[in-house]
Amino acid sequence: MDPILVLRLPRLRYVQARTVEEAAAIVGSDGGRAMLIAGGTDLLPNLKRRQFDVATLVSLRGIPGWDAITGDPQAGMSLSAGATLDQVARHPAVLSGYRALAQAAGLVSTPQIRYMGTLGGNLMVDPRCNYYNQTFAWRKAVGFCLKKDGDICLVARSSPRCWAVSSSDTAPVAVAFAASVVLQGMAGTRRVRAAELYRDDGIDYTTRKRDEVITSVEFPAARTTTSAYWKLRRRGSFDFPIVGAAVVIWWEDGVVRDARGALSAVGSHPVDISSYLSSLRGVHPDERLIAELAAAADKPARPLDNTDLSHYWRKRMTRVFIERALRDAAGLDPQAGLLTAQLKS
Amino acid sequence: MVVRTRVNGEWREADVWPGASLLTMLRDSLGLFGSKNACEQGECGSCSVWLDGKLVCSCLVLAPQAHEREVRTVESLGAAAMNPVQEAFIEAGAVQCGFCTPGFIVAVTDLLQRDPAPNEISVREALSGNLCRCTGYQKILDAVALAARRIREPST
């Protein structure tokens, strides 16, 4: 059958790693042509569309402890990178202490994909773009882009950089919770804050080194915490986010001690909006304050014309989804806010 | 490479190249044509099977990833007599061109095994990974309700 009409994987070598050390050694020594595969739900479609040049896939599934979820909201939780999105979305301790994480994991794609896809894989979702997530034939016909096989960005033609969009639902939640990501490579193990895992570039989007495997994500204790994740997508049934808003509020004596937030799909990395939420500290937020903060917190969001639906509208909806997430975390009806009311029905 | 997989209760071997998907292995090597090949990108659910009891898109599983694991396909259902989901699909008229039907049968069976009395929101979420290009969704929802009732009260 014609390999262009039928999406088939390229010739490759498949290796089942027995340990993280073994996986790290293979991807670290294969001249950049080996990739790690966990659930494979993002990697394999991309590979079928020839978005990567890969000679070897190193599977992480089956490494002992690979999908473990331990701890509790009192002490903090450690989620192995291989925990599936379905496990994360349904886990009772995650649901009670880290609700936004369960919401985000549960809003990724479809049941089939959540049974396969992993937390580590979702954090590493390859940034997406209308000019990139296409078949080889489509990209060849339109003209290849900077991210793969070409030399200009088709979204911003004079841009020296790639504007592919960070499209992970769980990444902004990890950033908002100030979670830590544990990476194990040939040189040893290191921990970074979730925000430090990412770079603001559509191609070179992560600080993870080639030989490093994300082994777990550690969420800090969440005793007096509420959180929410609101996701905008074209189809209510399943889609990548075109705006995602994650908000975490730490409470003390009925008032906000601290609040943090981050956005998905409005830049090449998860966009931290915590600095726009600082005036929540010391108060019990009412709907006027929430609307005011949300209306300002969309400032760092830079949607471009390279995902689903118009970027003006996505920019307009960013503040609305920040408001909904804030209201949700503050115990107010998420969709009864002042910014929502300004939308035409 | 030779992949050894327990398919519908029987250990089978297939000689595949490492870039073959489980779907390709089932159809081209093992002659199981129930799982359909449509989008190949994990969007449509036509190739839904169970891998170690979990509902997955077999187009997104590499054949070597299924080595020494258990796969159940739509062929495992109703081999002797139709299962209640299959019966309900026929009775409710939930089959139009029929291409998406095997994937839906597997996904609905999976749902009703976990939750024999799902509400409509649960049904819609559980079937969000299966697309019907004929858009015959209402009849499919009717079939799920009928199958669920039959499973709870077998005499109806």
# chains A, B, ... in the order shown; residues from 1 in each chain; ligands from 1
>>> residues_around(residues="segment 266-276 of chain A", least_positions_apart="5", cutoff="6 Å", atoms="only C-alpha atoms", output="list in words")
Ala164, Val165, Ser166, Pro172, Tyr198, Asp200, Asp201, Gly202, Arg260, Gly261, Ala297, Ala301, Arg302 and Pro303 of chain A
>>> write_last_selection(atoms="C-alpha atoms", output="JSON list (two decimals), in the first residue's frame")
[["chain", "number", "residue", "atom", "x", "y", "z"],
["A", 164, "ALA", "CA", 4.47, 25.90, 18.03],
["A", 165, "VAL", "CA", 2.07, 25.82, 20.96],
["A", 166, "SER", "CA", 2.53, 24.12, 24.33],
["A", 172, "PRO", "CA", 0.13, 24.25, 33.63],
["A", 198, "TYR", "CA", 10.18, 24.23, 29.75],
["A", 200, "ASP", "CA", 9.79, 29.35, 25.41],
["A", 201, "ASP", "CA", 10.52, 27.85, 22.00],
["A", 202, "GLY", "CA", 8.37, 25.62, 19.81],
["A", 260, "ARG", "CA", -0.71, 30.63, 41.65],
["A", 261, "GLY", "CA", -1.80, 30.01, 38.10],
["A", 297, "ALA", "CA", -3.92, 38.06, 33.90],
["A", 301, "ALA", "CA", -1.01, 35.07, 26.74],
["A", 302, "ARG", "CA", 0.05, 35.30, 23.09],
["A", 303, "PRO", "CA", -2.16, 33.09, 20.97]]
>>> closest_atom_pairs(of="chain A", to="chain B", cutoff="8 Å", atoms="only C-alpha atoms", output="JSON lines")
{"residue": "A:Leu7", "atom": "CA", "partner": "B:Glu40", "partner_atom": "CA", "distance": 6.3}
{"residue": "A:Arg8", "atom": "CA", "partner": "B:Ala20", "partner_atom": "CA", "distance": 7.7}
{"residue": "A:Leu9", "atom": "CA", "partner": "B:Gly19", "partner_atom": "CA", "distance": 5.4}
{"residue": "A:Pro10", "atom": "CA", "partner": "B:Gly19", "partner_atom": "CA", "distance": 6.2}
{"residue": "A:Arg11", "atom": "CA", "partner": "B:Gly19", "partner_atom": "CA", "distance": 5.7}
{"residue": "A:Leu12", "atom": "CA", "partner": "B:Gly19", "partner_atom": "CA", "distance": 5.8}
{"residue": "A:Arg13", "atom": "CA", "partner": "B:Pro18", "partner_atom": "CA", "distance": 6.0}
{"residue": "A:Tyr14", "atom": "CA", "partner": "B:Pro18", "partner_atom": "CA", "distance": 5.9}
{"residue": "A:Gly40", "atom": "CA", "partner": "B:Leu60", "partner_atom": "CA", "distance": 6.6}
{"residue": "A:Thr41", "atom": "CA", "partner": "B:Leu60", "partner_atom": "CA", "distance": 6.1}
{"residue": "A:Leu44", "atom": "CA", "partner": "B:Leu60", "partner_atom": "CA", "distance": 6.2}
{"residue": "A:Pro45", "atom": "CA", "partner": "B:Gln41", "partner_atom": "CA", "distance": 5.0}
{"residue": "A:Ser109", "atom": "CA", "partner": "B:Gly129", "partner_atom": "CA", "distance": 7.7}
{"residue": "A:Thr110", "atom": "CA", "partner": "B:Gly129", "partner_atom": "CA", "distance": 4.7}
{"residue": "A:Pro111", "atom": "CA", "partner": "B:Ala126", "partner_atom": "CA", "distance": 6.2}
{"residue": "A:Gln112", "atom": "CA", "partner": "B:Val56", "partner_atom": "CA", "distance": 4.5}
{"residue": "A:Ile113", "atom": "CA", "partner": "B:Val56", "partner_atom": "CA", "distance": 6.7}
{"residue": "A:Tyr115", "atom": "CA", "partner": "B:Lys54", "partner_atom": "CA", "distance": 6.5}
{"residue": "A:Met116", "atom": "CA", "partner": "B:Val56", "partner_atom": "CA", "distance": 6.6}
{"residue": "A:Ser237", "atom": "CA", "partner": "B:Ser128", "partner_atom": "CA", "distance": 5.3}
{"residue": "A:Phe238", "atom": "CA", "partner": "B:Ser128", "partner_atom": "CA", "distance": 6.6}
>>> residues_around(residues="Gln138 of chain B", least_positions_apart="3", cutoff="12 Å", atoms="only C-alpha atoms", output="PDB file with C-alpha atoms, in the first residue's frame")
ATOM      1  CA  PHE B  89     -27.146  -2.232  18.321  1.00  0.00           C
ATOM      2  CA  ALA B  92     -31.949   0.070  18.037  1.00  0.00           C
ATOM      3  CA  GLY B  93     -30.811   0.550  14.445  1.00  0.00           C
ATOM      4  CA  ALA B  94     -27.418   1.772  15.661  1.00  0.00           C
ATOM      5  CA  VAL B  95     -25.617   0.384  12.627  1.00  0.00           C
ATOM      6  CA  GLN B  96     -25.533   2.397   9.420  1.00  0.00           C
ATOM      7  CA  GLU B 120     -25.933   9.927  29.724  1.00  0.00           C
ATOM      8  CA  VAL B 123     -21.999   7.286  28.182  1.00  0.00           C
ATOM      9  CA  ARG B 124     -21.043  10.309  26.103  1.00  0.00           C
ATOM     10  CA  CYS B 132     -19.382   7.532  13.588  1.00  0.00           C
ATOM     11  CA  CYS B 134     -22.606   8.467   9.404  1.00  0.00           C
ATOM     12  CA  THR B 135     -23.304  10.557  12.539  1.00  0.00           C
ATOM     13  CA  LEU B 141     -26.997   6.177  22.598  1.00  0.00           C
ATOM     14  CA  ASP B 142     -30.369   4.396  22.422  1.00  0.00           C
ATOM     15  CA  ALA B 143     -28.550   1.092  21.925  1.00  0.00           C
ATOM     16  CA  VAL B 144     -26.366   1.698  24.972  1.00  0.00           C
ATOM     17  CA  ALA B 145     -29.439   2.411  27.103  1.00  0.00           C
TER      18      ALA B 145
END
>>> atom_distance(atom1="atom CA of Ala14 of chain B", atom2="atom CA of Met82 of chain B")
28.4 Å
>>> atom_distance(atom1="atom CA of Gly97 of chain A", atom2="atom CA of Thr226 of chain A")
7.6 Å
>>> select_by_dssp(residues="segment 30-73 of chain B", states="strand (DSSP E)", output="list in words")
Ser48, Val49, Trp50, Leu51, Lys54, Leu55, Val56, Cys57, Glu70, Val71 and Arg72 of chain B
>>> atom_distance(atom1="atom CA of Ala195 of chain A", atom2="atom CA of Val320 of chain A")
23.2 Å
>>> closest_residue(among="B:Pro84, B:Gly31, B:Gly78, B:Gly136", to="Gln113 of chain B", atoms="only C-alpha atoms")
B:Pro84
>>> closest_residue(among="A:Leu332, A:Glu252, A:Asp308, A:Ala105", to="Arg288 of chain A", atoms="only C-alpha atoms")
A:Leu332
>>> closest_residue(among="A:Lys315, A:Arg128, A:Arg191, A:Arg210", to="Trp163 of chain A", atoms="only C-alpha atoms")
A:Arg128
>>> select_by_dssp(residues="chain B", states="alpha helix (DSSP H)", output="PyMOL selection string")
chain B and resi 22-24+84-92+101-114+120-126+137-152
>>> closest_residue(among="A:Tyr205, A:Phe321, A:Phe219, A:Tyr131", to="Leu263 of chain A", atoms="only C-alpha atoms")
A:Phe321
>>> residues_around(residues="Thr170 of chain A", least_positions_apart="3", cutoff="12 Å", atoms="only C-alpha atoms", output="ChimeraX atom specification")
/A:81,85,88-89,98-108,117-125,166-167,173-177,179,194-195,217,228-231,240-241,244-247,262-265,270
>>> closest_residue(among="A:Ala178, A:Val6, A:Ala295, A:Val155", to="His311 of chain A", atoms="only C-alpha atoms")
A:Val155
